[in-house]
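Peer 1: Handing over start16.pdb, PDB, C-alpha atoms, pLDDT in the B column.
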ATOM      1  CA  MET A1109     163.459  45.283 176.967  1.00 44.00           C
ATOM      2  CA  SER A1110     167.178  45.986 177.249  1.00 45.00           C
ATOM      3  CA  ALA A1111     169.879  43.935 175.549  1.00 45.00           C
ATOM      4  CA  VAL A1112     170.892  42.555 178.964  1.00 47.00           C
ATOM      5  CA  ALA A1113     167.351  41.411 179.714  1.00 49.00           C
ATOM      6  CA  ASN A1114     167.036  39.882 176.235  1.00 48.00           C
ATOM      7  CA  ARG A1115     170.271  37.963 176.751  1.00 49.00           C
ATOM      8  CA  TRP A1116     169.038  36.484 180.036  1.00 49.00           C
ATOM      9  CA  ARG A1117     165.412  35.646 179.050  1.00 48.00           C
ATOM     10  CA  GLY A1118     165.143  31.993 177.928  1.00 45.00           C
ATOM     11  CA  SER A1119     165.295  30.226 181.289  1.00 42.00           C
ATOM     12  CA  CYS A1120     162.675  32.257 183.162  1.00 41.00           C
ATOM     13  CA  GLU A1121     159.461  30.920 181.681  1.00 40.00           C
ATOM     14  CA  ARG A1122     158.584  28.322 184.315  1.00 35.00           C
ATOM     15  CA  THR A1123     156.336  29.365 187.194  1.00 37.00           C
ATOM     16  CA  LYS A1124     155.787  26.148 189.179  1.00 43.00           C
ATOM     17  CA  GLN A1125     156.258  26.903 192.877  1.00 41.00           C
ATOM     18  CA  ASP A1126     159.214  25.057 194.354  1.00 51.00           C
ATOM     19  CA  ILE A1127     160.995  27.811 196.233  1.00 68.00           C
ATOM     20  CA  ARG A1128     159.974  28.041 199.847  1.00 70.00           C
ATOM     21  CA  ARG A1129     157.874  30.962 200.975  1.00 72.00           C
ATOM     22  CA  TRP A1130     158.653  32.232 204.446  1.00 76.00           C
ATOM     23  CA  PRO A1131     155.892  31.924 207.052  1.00 82.00           C
ATOM     24  CA  LYS A1132     154.530  35.162 208.532  1.00 83.00           C
ATOM     25  CA  GLU A1133     156.546  34.589 211.715  1.00 88.00           C
ATOM     26  CA  TYR A1134     159.827  34.906 209.741  1.00 87.00           C
ATOM     27  CA  LEU A1135     158.997  38.206 208.058  1.00 88.00           C
ATOM     28  CA  PRO A1136     160.800  41.233 209.510  1.00 90.00           C
ATOM     29  CA  LYS A1137     158.792  43.748 211.519  1.00 92.00           C
ATOM     30  CA  ILE A1138     159.510  46.440 208.919  1.00 95.00           C
ATOM     31  CA  PHE A1139     157.798  44.384 206.168  1.00 90.00           C
ATOM     32  CA  GLU A1140     154.700  46.154 204.850  1.00 93.00           C
ATOM     33  CA  PRO A1141     152.642  43.632 202.841  1.00 90.00           C
ATOM     34  CA  GLU A1142     150.329  46.365 201.525  1.00 94.00           C
ATOM     35  CA  ARG A1143     153.286  47.643 199.475  1.00 93.00           C
ATOM     36  CA  VAL A1144     153.645  44.336 197.618  1.00 89.00           C
ATOM     37  CA  ASP A1145     152.118  44.512 194.154  1.00 87.00           C
ATOM     38  CA  ARG A1146     152.655  40.899 193.169  1.00 88.00           C
ATOM     39  CA  ILE A1147     154.259  37.674 194.324  1.00 87.00           C
ATOM     40  CA  MET A1148     155.826  35.651 191.524  1.00 89.00           C
ATOM     41  CA  GLU A1149     156.416  31.922 191.710  1.00 87.00           C
ATOM     42  CA  VAL A1150     159.661  30.454 190.363  1.00 89.00           C
ATOM     43  CA  SER A1151     160.554  26.772 190.176  1.00 89.00           C
ATOM     44  CA  ALA A1152     163.642  25.451 191.932  1.00 89.00           C
ATOM     45  CA  GLU A1153     164.906  24.326 188.521  1.00 91.00           C
ATOM     46  CA  ALA A1154     164.596  27.813 186.998  1.00 92.00           C
ATOM     47  CA  ALA A1155     166.203  29.416 190.059  1.00 92.00           C
ATOM     48  CA  GLY A1156     169.099  26.940 189.993  1.00 92.00           C
ATOM     49  CA  GLU A1157     169.668  27.433 186.283  1.00 94.00           C
ATOM     50  CA  MET A1158     169.699  31.219 186.700  1.00 95.00           C
ATOM     51  CA  THR A1159     172.065  30.953 189.693  1.00 93.00           C
ATOM     52  CA  ARG A1160     174.554  28.948 187.642  1.00 93.00           C
ATOM     53  CA  ARG A1161     174.271  31.424 184.759  1.00 95.00           C
ATOM     54  CA  LEU A1162     174.985  34.300 187.144  1.00 94.00           C
ATOM     55  CA  ALA A1163     178.208  32.579 188.202  1.00 93.00           C
ATOM     56  CA  LYS A1164     179.296  31.479 184.738  1.00 93.00           C
ATOM     57  CA  GLU A1165     178.308  34.502 182.648  1.00 95.00           C
ATOM     58  CA  GLU A1166     178.559  37.409 185.091  1.00 94.00           C
ATOM     59  CA  GLY A1167     180.996  36.146 187.743  1.00 93.00           C
ATOM     60  CA  LEU A1168     178.420  36.648 190.508  1.00 93.00           C
ATOM     61  CA  PHE A1169     178.630  33.895 193.109  1.00 94.00           C
ATOM     62  CA  ALA A1170     175.076  34.055 194.398  1.00 93.00           C
ATOM     63  CA  GLY A1171     172.695  31.576 195.953  1.00 91.00           C
ATOM     64  CA  HIS A1172     169.454  29.902 194.993  1.00 89.00           C
ATOM     65  CA  SER A1173     167.215  32.745 196.166  1.00 90.00           C
ATOM     66  CA  ALA A1174     169.210  35.225 194.087  1.00 93.00           C
ATOM     67  CA  GLY A1175     168.690  33.090 190.998  1.00 94.00           C
ATOM     68  CA  GLY A1176     164.979  32.968 191.744  1.00 93.00           C
ATOM     69  CA  ALA A1177     164.823  36.740 192.184  1.00 93.00           C
ATOM     70  CA  LEU A1178     166.557  37.323 188.859  1.00 95.00           C
ATOM     71  CA  ALA A1179     164.358  34.773 187.071  1.00 95.00           C
ATOM     72  CA  ALA A1180     161.256  36.553 188.387  1.00 94.00           C
ATOM     73  CA  ALA A1181     162.668  39.975 187.455  1.00 94.00           C
ATOM     74  CA  LEU A1182     163.375  38.867 183.906  1.00 93.00           C
ATOM     75  CA  THR A1183     159.893  37.428 183.554  1.00 93.00           C
ATOM     76  CA  LEU A1184     158.500  40.752 184.758  1.00 91.00           C
ATOM     77  CA  ALA A1185     160.793  42.664 182.373  1.00 90.00           C
ATOM     78  CA  GLY A1186     159.215  40.753 179.504  1.00 89.00           C
ATOM     79  CA  GLU A1187     155.769  41.940 180.592  1.00 89.00           C
ATOM     80  CA  LEU A1188     156.655  45.621 180.874  1.00 86.00           C
ATOM     81  CA  SER A1189     156.072  47.947 177.972  1.00 81.00           C
ATOM     82  CA  GLY A1190     157.972  51.084 177.152  1.00 77.00           C
ATOM     83  CA  GLU A1191     161.011  52.378 178.927  1.00 79.00           C
ATOM     84  CA  GLY A1192     161.634  52.129 182.622  1.00 78.00           C
ATOM     85  CA  CYS A1193     163.908  50.798 185.296  1.00 84.00           C
ATOM     86  CA  LEU A1194     163.609  47.400 186.915  1.00 87.00           C
ATOM     87  CA  VAL A1195     165.800  46.545 189.904  1.00 89.00           C
ATOM     88  CA  ALA A1196     166.395  43.022 191.197  1.00 90.00           C
ATOM     89  CA  ILE A1197     167.997  42.496 194.601  1.00 92.00           C
ATOM     90  CA  LEU A1198     170.064  39.312 194.842  1.00 92.00           C
ATOM     91  CA  PRO A1199     169.277  38.183 198.407  1.00 86.00           C
ATOM     92  CA  ASP A1200     171.634  35.245 198.812  1.00 86.00           C
ATOM     93  CA  ARG A1201     175.311  34.356 198.552  1.00 88.00           C
ATOM     94  CA  GLY A1202     176.790  31.281 196.902  1.00 89.00           C
ATOM     95  CA  ASP A1203     179.246  30.013 199.516  1.00 89.00           C
ATOM     96  CA  ARG A1204     176.433  28.334 201.450  1.00 86.00           C
ATOM     97  CA  TYR A1205     175.767  26.073 198.448  1.00 84.00           C
ATOM     98  CA  ILE A1206     179.300  24.893 197.576  1.00 85.00           C
ATOM     99  CA  SER A1207     178.706  21.394 198.927  1.00 85.00           C
ATOM    100  CA  THR A1208     175.267  21.019 197.316  1.00 84.00           C
ATOM    101  CA  ALA A1209     174.219  19.920 193.835  1.00 84.00           C
ATOM    102  CA  LEU A1210     173.634  23.555 192.817  1.00 86.00           C
ATOM    103  CA  PHE A1211     177.212  24.044 191.569  1.00 84.00           C
ATOM    104  CA  GLU A1212     178.108  20.505 190.493  1.00 80.00           C
TER     105      GLU A1212
END
So that I can check it, write out the structure of this file as structure tokens.
Peer 2:
Amino acid sequence: MSAVANRWRGSCERTKQDIRRWPKEYLPKIFEPERVDRIMEVSAEAAGEMTRRLAKEEGLFAGHSAGGALAAALTLAGELSGEGCLVAILPDRGDRYISTALFE
């Protein structure tokens, strides 16, 4: 695991499902579920904590879903052996959460 992944680990251990999964009707037509290897569950608490860390430590003003994606990616990074490349896409922006408890 890289030094960056080691630095971020700690807050990604929880797996209780609290983040909403989109119903089939919301999935884009280009989505190919047969290409999905695994769906990882992340708690709202872990996603929120990671979102705040992204803002504070990296200067990335992302949203709740982005924090959840990074938390899942770091959990997966801890399971991988050997060298490789793991990419996490941060699918949300932070401005939509300014008036919520996420950034209090």
Peer 1: Enter the distance from CA of Arg1160 (chain A) to CA of His1172 (chain A), in Å, rounded to one decimal.
Peer 2: 9.0 Å
Peer 1: I'd like to know which of A:Leu1162, A:Ile1138, A:Ile1147, A:Thr1208 is closest to Leu1184 (chain A), using all atoms listed in the file.
Peer 2: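 Checking each of A:Leu1162, A:Ile1138, A:Ile1147, A:Thr1208 against Leu1184 (chain A), counting all atoms listed in the file, the winner is A:Ile1147.
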Peer 1: State, in Å with one decimal place, the distance from CA of Gly1202 (chain A) to CA of Gly1167 (chain A).
Peer 2: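 Separation of CA of Gly1202 (chain A) and CA of Gly1167 (chain A): 11.2 Å.
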Peer 1: What is the distance, in Å and to one decimal place, between CA of Ala1181 (chain A) and CA of Val1195 (chain A)?
Peer 2: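 CA of Val1195 (chain A) lies 7.7 Å from CA of Ala1181 (chain A).
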Peer 1: Determine, counting all atoms listed in the file, which protein, DNA and RNA residues have an atom within 12 Å of an atom of Gly1175 (chain A); residues of the same chain fewer than 5 positions away are not included. Present the result as number ranges by chain.
Peer 2: A: 1116, 1119-1120, 1127, 1150-1163, 1168-1170, 1180-1182, 1196-1202, 1210
Peer 1: Mind giving me the axis-aligned box for region 1171-1189 of chain A with 8 Å on every side, centre plus edges in Å to one decimal, as AutoDock Vina command-line options?
Peer 2:
--center_x 164.2 --center_y 38.9 --center_z 187.1 --size_x 32.9 --size_y 34.0 --size_z 34.2
Peer 1: Which of these, A:Gly1171, A:Gly1192, A:Glu1187, A:Ala1177, has the shortest distance to Arg1204 (chain A) once you count only C-alpha atoms?
Peer 2: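 Distance minimum relative to Arg1204 (chain A) lands on A:Gly1171.
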